[in-house]
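work.csv (CSV, C-alpha atoms) appears below.
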```
chain,number,residue,atom,x,y,z
A,109,MET,CA,0.0,0.0,0.0
A,110,ARG,CA,1.1,3.5,-0.8
A,111,TYR,CA,0.1,6.8,0.7
A,112,TRP,CA,-1.0,10.0,-0.9
A,113,LEU,CA,-2.2,13.5,-0.3
A,114,MET,CA,-5.0,14.7,-2.5
A,115,LYS,CA,-6.0,18.3,-2.5
A,116,ALA,CA,-9.6,19.5,-3.2
A,117,GLU,CA,-11.3,22.9,-2.8
A,118,PRO,CA,-14.2,22.4,-0.4
A,119,GLU,CA,-16.5,24.7,-2.5
A,120,GLU,CA,-16.1,22.0,-5.3
A,121,LEU,CA,-15.8,18.9,-3.1
A,122,GLY,CA,-15.2,18.8,0.6
A,123,ILE,CA,-14.9,15.8,2.9
A,124,ALA,CA,-18.4,16.3,4.2
A,125,ASP,CA,-19.7,16.3,0.6
A,126,LEU,CA,-18.0,13.0,-0.1
A,127,ALA,CA,-19.4,11.5,3.1
A,128,ALA,CA,-22.9,12.6,2.1
A,129,LEU,CA,-22.8,10.9,-1.4
A,130,PRO,CA,-24.9,7.8,-1.5
A,131,THR,CA,-21.9,5.6,-2.5
A,132,GLN,CA,-19.4,7.8,-0.6
A,133,THR,CA,-17.3,7.4,-3.8
A,134,VAL,CA,-16.3,10.0,-6.4
A,135,GLY,CA,-14.1,10.2,-9.5
A,136,TRP,CA,-11.1,12.4,-8.7
A,137,CYS,CA,-11.5,14.5,-11.9
A,138,GLY,CA,-10.0,17.8,-13.0
A,139,VAL,CA,-6.3,17.0,-12.4
A,140,ARG,CA,-4.5,19.1,-15.1
A,141,ASN,CA,-0.9,18.8,-14.1
A,142,TYR,CA,1.2,16.2,-15.8
A,143,GLN,CA,3.2,15.2,-12.7
A,144,ALA,CA,0.0,14.8,-10.6
A,145,ARG,CA,-1.6,12.9,-13.5
A,146,ASN,CA,1.4,10.6,-13.7
A,147,PHE,CA,1.2,9.8,-10.0
A,148,MET,CA,-2.4,8.7,-10.5
A,149,ARG,CA,-1.8,6.9,-13.8
A,150,ASP,CA,1.5,5.1,-13.0
A,151,GLN,CA,1.6,4.6,-9.2
A,152,MET,CA,-1.8,4.7,-7.5
A,153,GLN,CA,-3.4,1.4,-6.9
A,154,GLN,CA,-6.6,0.2,-5.5
A,155,GLY,CA,-6.4,0.0,-1.7
A,156,ASP,CA,-3.9,2.9,-1.4
A,157,ARG,CA,-4.9,5.5,1.3
A,158,ALA,CA,-4.8,9.2,0.9
A,159,LEU,CA,-5.1,12.3,3.1
A,160,PHE,CA,-8.1,14.4,1.9
A,161,TYR,CA,-6.7,17.9,2.0
A,162,HIS,CA,-8.8,21.1,1.8
A,163,SER,CA,-7.0,23.7,-0.2
A,164,GLY,CA,-8.0,27.1,-1.5
A,165,VAL,CA,-9.3,28.1,1.9
A,166,LYS,CA,-8.2,30.5,4.6
A,167,GLU,CA,-6.6,27.7,6.6
A,168,PRO,CA,-5.8,24.7,4.4
A,169,GLY,CA,-5.3,21.3,6.0
A,170,VAL,CA,-6.1,17.6,6.2
A,171,ALA,CA,-9.8,17.0,6.7
A,172,GLY,CA,-10.1,13.2,6.3
A,173,ILE,CA,-8.9,9.9,4.9
A,174,VAL,CA,-10.0,8.3,1.6
A,175,GLU,CA,-9.1,5.1,-0.2
A,176,VAL,CA,-8.3,4.7,-3.9
A,177,CYS,CA,-10.9,2.2,-5.1
A,178,SER,CA,-10.4,2.0,-8.9
A,179,SER,CA,-7.7,1.8,-11.5
A,180,PRO,CA,-7.0,4.9,-13.5
A,181,TYR,CA,-9.3,5.7,-16.4
A,182,PRO,CA,-9.8,8.7,-18.7
A,183,ASP,CA,-11.3,11.7,-17.0
A,184,PRO,CA,-14.6,12.4,-18.8
A,185,THR,CA,-14.5,16.1,-18.0
A,186,GLN,CA,-11.7,16.6,-20.5
A,187,PHE,CA,-14.1,15.9,-23.4
A,188,ASP,CA,-17.0,18.0,-22.1
A,189,PRO,CA,-17.0,21.5,-23.7
A,190,LYS,CA,-19.3,22.7,-20.8
A,191,SER,CA,-16.9,21.5,-18.1
A,192,HIS,CA,-14.4,23.8,-16.4
A,193,TYR,CA,-11.9,21.0,-17.0
A,194,TYR,CA,-12.5,20.7,-20.8
A,195,ASP,CA,-9.3,20.2,-22.8
A,196,PRO,CA,-9.9,20.8,-26.6
A,197,LYS,CA,-6.5,19.1,-27.3
A,198,SER,CA,-7.5,15.8,-25.7
A,199,LYS,CA,-9.3,13.3,-27.8
A,200,PRO,CA,-11.2,10.1,-26.7
A,201,GLU,CA,-8.9,8.0,-28.8
A,202,ALA,CA,-5.9,9.6,-27.1
A,203,PRO,CA,-6.9,11.0,-23.7
A,204,ARG,CA,-4.4,13.2,-21.9
A,205,TRP,CA,-6.0,13.2,-18.4
A,206,GLN,CA,-6.7,10.3,-16.0
A,207,GLN,CA,-8.7,10.0,-12.8
A,208,VAL,CA,-9.2,7.4,-10.1
A,209,ASP,CA,-12.2,6.8,-7.9
A,210,VAL,CA,-11.8,7.5,-4.2
A,211,ARG,CA,-14.0,6.2,-1.3
A,212,TYR,CA,-14.6,8.0,1.9
A,213,ILE,CA,-13.0,6.3,4.9
A,214,LYS,CA,-13.4,8.9,7.6
A,215,ARG,CA,-13.5,12.5,8.6
A,216,THR,CA,-10.7,13.4,10.9
A,217,ARG,CA,-10.2,16.3,13.2
A,218,TYR,CA,-8.9,19.2,11.1
A,219,LEU,CA,-5.1,19.4,10.9
A,220,PRO,CA,-4.0,22.8,9.5
A,221,LEU,CA,-1.0,23.3,7.3
A,222,SER,CA,0.5,25.5,10.0
A,223,ALA,CA,0.5,22.6,12.5
A,224,MET,CA,2.1,20.4,9.9
A,225,ARG,CA,4.8,22.9,9.2
A,226,ALA,CA,5.6,23.0,12.9
A,227,GLU,CA,6.0,19.2,13.2
A,228,PRO,CA,9.7,18.1,13.0
A,229,ASP,CA,8.6,14.6,12.0
A,230,LEU,CA,7.1,16.0,8.8
A,231,GLU,CA,10.3,17.6,7.6
A,232,GLY,CA,10.8,16.7,3.9
A,233,MET,CA,7.1,16.0,3.2
A,234,LEU,CA,6.4,17.1,-0.3
A,235,LEU,CA,3.4,19.2,0.7
A,236,LEU,CA,5.6,21.3,2.9
A,237,VAL,CA,8.3,21.9,0.3
A,238,ARG,CA,8.3,25.6,-0.7
A,239,GLY,CA,6.8,26.1,-4.1
A,240,ASN,CA,5.1,22.7,-4.4
A,241,ARG,CA,1.6,23.2,-5.6
A,242,LEU,CA,0.8,19.7,-6.9
A,243,SER,CA,-2.7,18.6,-6.2
A,244,ILE,CA,-1.6,15.0,-5.7
A,245,THR,CA,1.6,14.0,-3.9
A,246,PRO,CA,3.0,10.8,-2.5
A,247,VAL,CA,3.4,10.6,1.3
A,248,GLU,CA,6.2,8.6,2.8
A,249,PRO,CA,5.1,5.9,5.3
A,250,ALA,CA,7.0,7.8,8.1
A,251,HIS,CA,5.1,11.0,7.3
A,252,TRP,CA,1.8,9.1,7.1
A,253,ARG,CA,2.5,7.7,10.6
A,254,ALA,CA,3.3,11.2,11.9
A,255,VAL,CA,0.2,12.7,10.4
A,256,MET,CA,-1.9,9.8,11.9
A,257,ARG,CA,-0.3,10.6,15.3
A,258,LEU,CA,-1.1,14.3,15.0
A,259,LEU,CA,-4.7,13.4,14.0
A,260,GLY,CA,-5.0,11.1,17.0
A,261,GLU,CA,-5.6,8.1,14.7
A,262,ALA,CA,-4.2,4.6,15.1
A,263,PRO,CA,-1.3,4.0,12.7
```

Using structure tokens, write down the structure that the file contains.
Amino acid sequence: MRYWLMKAEPEELGIADLAALPTQTVGWCGVRNYQARNFMRDQMQQGDRALFYHSGVKEPGVAGIVEVCSSPYPDPTQFDPKSHYYDPKSKPEAPRWQQVDVRYIKRTRYLPLSAMRAEPDLEGMLLLVRGNRLSITPVEPAHWRAVMRLLGEAP
């Protein structure tokens, strides 16, 4: 099992929204960065766990835990001209963008970015590297355990 951090803007999809869905599962669409796409396409596997991270808010931070529950597949929003994520250069026979489905595991206490930055055990975590704006990043097992400890969760 690998660990990830997946960023979402709560006005589009928050952890409470995911928990309220009938299947508690959603396609992680709209990733338009090649490196983040490559993480999903080439490394994510069913059963991997991810920190659900609220971004684009006054105090960004970890809000919950999700599980990758599908293999990667073409993101349908890239083909929809009405979608904010439409990509006119992407074609169904050669899609550029992928997505995976994620399933709600649990809502956690909120762990703000500022608390993560202050934690010595999280030194080197990609989220905390200055200038990193990727919406999906791998999380090292030691960093995962440190975040679980900060959240008061069993490892």

* Asked: A:Glu120: which residues within 12 Å, counting only C-alpha atoms, same-chain residues fewer than 4 positions away excluded, as a VMD selection string?
  -> chain A and resid 115 to 116 124 to 126 136 to 138 162 to 165 192

* Asked: Nearest to A:Leu258 among A:Val237, A:Val170, A:Cys177, A:Val208, with distances taken over only C-alpha atoms: which residue is it?
  ->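 Going through A:Val237, A:Val170, A:Cys177, A:Val208 one by one, the smallest distance to A:Leu258 is for A:Val170.
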
* Compare A:Arg145, A:Lys166, A:Lys190, A:Arg140 by their minimum atom-to-atom distance to A:Ser222, counting only C-alpha atoms, and give me the closest one. =>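 Between A:Arg145, A:Lys166, A:Lys190, A:Arg140, the residue approaching A:Ser222 most closely is A:Lys166.
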
* **From A:Val247, A:Leu230, A:Val139, A:Ile123, residue lying nearest A:Arg217 [all atoms listed in the file]** =>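 Of the candidates, the smallest distance to A:Arg217 is held by A:Ile123.
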
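The space between atom CA of A:Thr245 and atom CA of A:Met148 spans 9.4 Å.
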
* For the atom pair atom CA of A:Ile213 and atom CA of A:Ala250, what is the interatomic distance in Å to one decimal place? -> 20.3 Å

* Of the residues A:Pro184, A:Gly169, A:Pro196, A:Pro249, which is the one nearest to A:Pro220, using all atoms listed in the file? ->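 Using all atoms listed in the file, A:Pro220 sits closest to A:Gly169.
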
* Among the residues A:Pro118, A:Pro200, A:Leu219, A:Thr131, the one that comes closest to A:Asp188 [using all atoms listed in the file] -> A:Pro200

* To do: Could you check how far atom CA of A:Asp183 sits from atom CA of A:Gln132, in Å to one decimal?
  => 18.7 Å

* To do: Would you kindly identify which residues have an atom no farther than 12 Å from (-9.7, 8.4, 2.5), using all atoms listed in the file and the file's own coordinates, and write them out as a PyMOL selection string?
  => chain A and resi 111-115+122-124+126-127+132-134+136+154-161+170-177+209-216

Write the selection just made, keeping C-alpha atoms, as a PDB file, keeping the file's coordinate frame?
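Written out: out-v1.pdb:
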```pdb
ATOM      1  CA  TYR A 111       0.100   6.800   0.700  1.00  0.00           C
ATOM      2  CA  TRP A 112      -1.000  10.000  -0.900  1.00  0.00           C
ATOM      3  CA  LEU A 113      -2.200  13.500  -0.300  1.00  0.00           C
ATOM      4  CA  MET A 114      -5.000  14.700  -2.500  1.00  0.00           C
ATOM      5  CA  LYS A 115      -6.000  18.300  -2.500  1.00  0.00           C
ATOM      6  CA  GLY A 122     -15.200  18.800   0.600  1.00  0.00           C
ATOM      7  CA  ILE A 123     -14.900  15.800   2.900  1.00  0.00           C
ATOM      8  CA  ALA A 124     -18.400  16.300   4.200  1.00  0.00           C
ATOM      9  CA  LEU A 126     -18.000  13.000  -0.100  1.00  0.00           C
ATOM     10  CA  ALA A 127     -19.400  11.500   3.100  1.00  0.00           C
ATOM     11  CA  GLN A 132     -19.400   7.800  -0.600  1.00  0.00           C
ATOM     12  CA  THR A 133     -17.300   7.400  -3.800  1.00  0.00           C
ATOM     13  CA  VAL A 134     -16.300  10.000  -6.400  1.00  0.00           C
ATOM     14  CA  TRP A 136     -11.100  12.400  -8.700  1.00  0.00           C
ATOM     15  CA  GLN A 154      -6.600   0.200  -5.500  1.00  0.00           C
ATOM     16  CA  GLY A 155      -6.400   0.000  -1.700  1.00  0.00           C
ATOM     17  CA  ASP A 156      -3.900   2.900  -1.400  1.00  0.00           C
ATOM     18  CA  ARG A 157      -4.900   5.500   1.300  1.00  0.00           C
ATOM     19  CA  ALA A 158      -4.800   9.200   0.900  1.00  0.00           C
ATOM     20  CA  LEU A 159      -5.100  12.300   3.100  1.00  0.00           C
ATOM     21  CA  PHE A 160      -8.100  14.400   1.900  1.00  0.00           C
ATOM     22  CA  TYR A 161      -6.700  17.900   2.000  1.00  0.00           C
ATOM     23  CA  VAL A 170      -6.100  17.600   6.200  1.00  0.00           C
ATOM     24  CA  ALA A 171      -9.800  17.000   6.700  1.00  0.00           C
ATOM     25  CA  GLY A 172     -10.100  13.200   6.300  1.00  0.00           C
ATOM     26  CA  ILE A 173      -8.900   9.900   4.900  1.00  0.00           C
ATOM     27  CA  VAL A 174     -10.000   8.300   1.600  1.00  0.00           C
ATOM     28  CA  GLU A 175      -9.100   5.100  -0.200  1.00  0.00           C
ATOM     29  CA  VAL A 176      -8.300   4.700  -3.900  1.00  0.00           C
ATOM     30  CA  CYS A 177     -10.900   2.200  -5.100  1.00  0.00           C
ATOM     31  CA  ASP A 209     -12.200   6.800  -7.900  1.00  0.00           C
ATOM     32  CA  VAL A 210     -11.800   7.500  -4.200  1.00  0.00           C
ATOM     33  CA  ARG A 211     -14.000   6.200  -1.300  1.00  0.00           C
ATOM     34  CA  TYR A 212     -14.600   8.000   1.900  1.00  0.00           C
ATOM     35  CA  ILE A 213     -13.000   6.300   4.900  1.00  0.00           C
ATOM     36  CA  LYS A 214     -13.400   8.900   7.600  1.00  0.00           C
ATOM     37  CA  ARG A 215     -13.500  12.500   8.600  1.00  0.00           C
ATOM     38  CA  THR A 216     -10.700  13.400  10.900  1.00  0.00           C
TER      39      THR A 216
END
```

* Asked: Between A:Ala254, A:Ile244, A:Glu117, A:Tyr193, which has the minimum distance to A:Glu167 (counting only C-alpha atoms)?
  -> A:Glu117
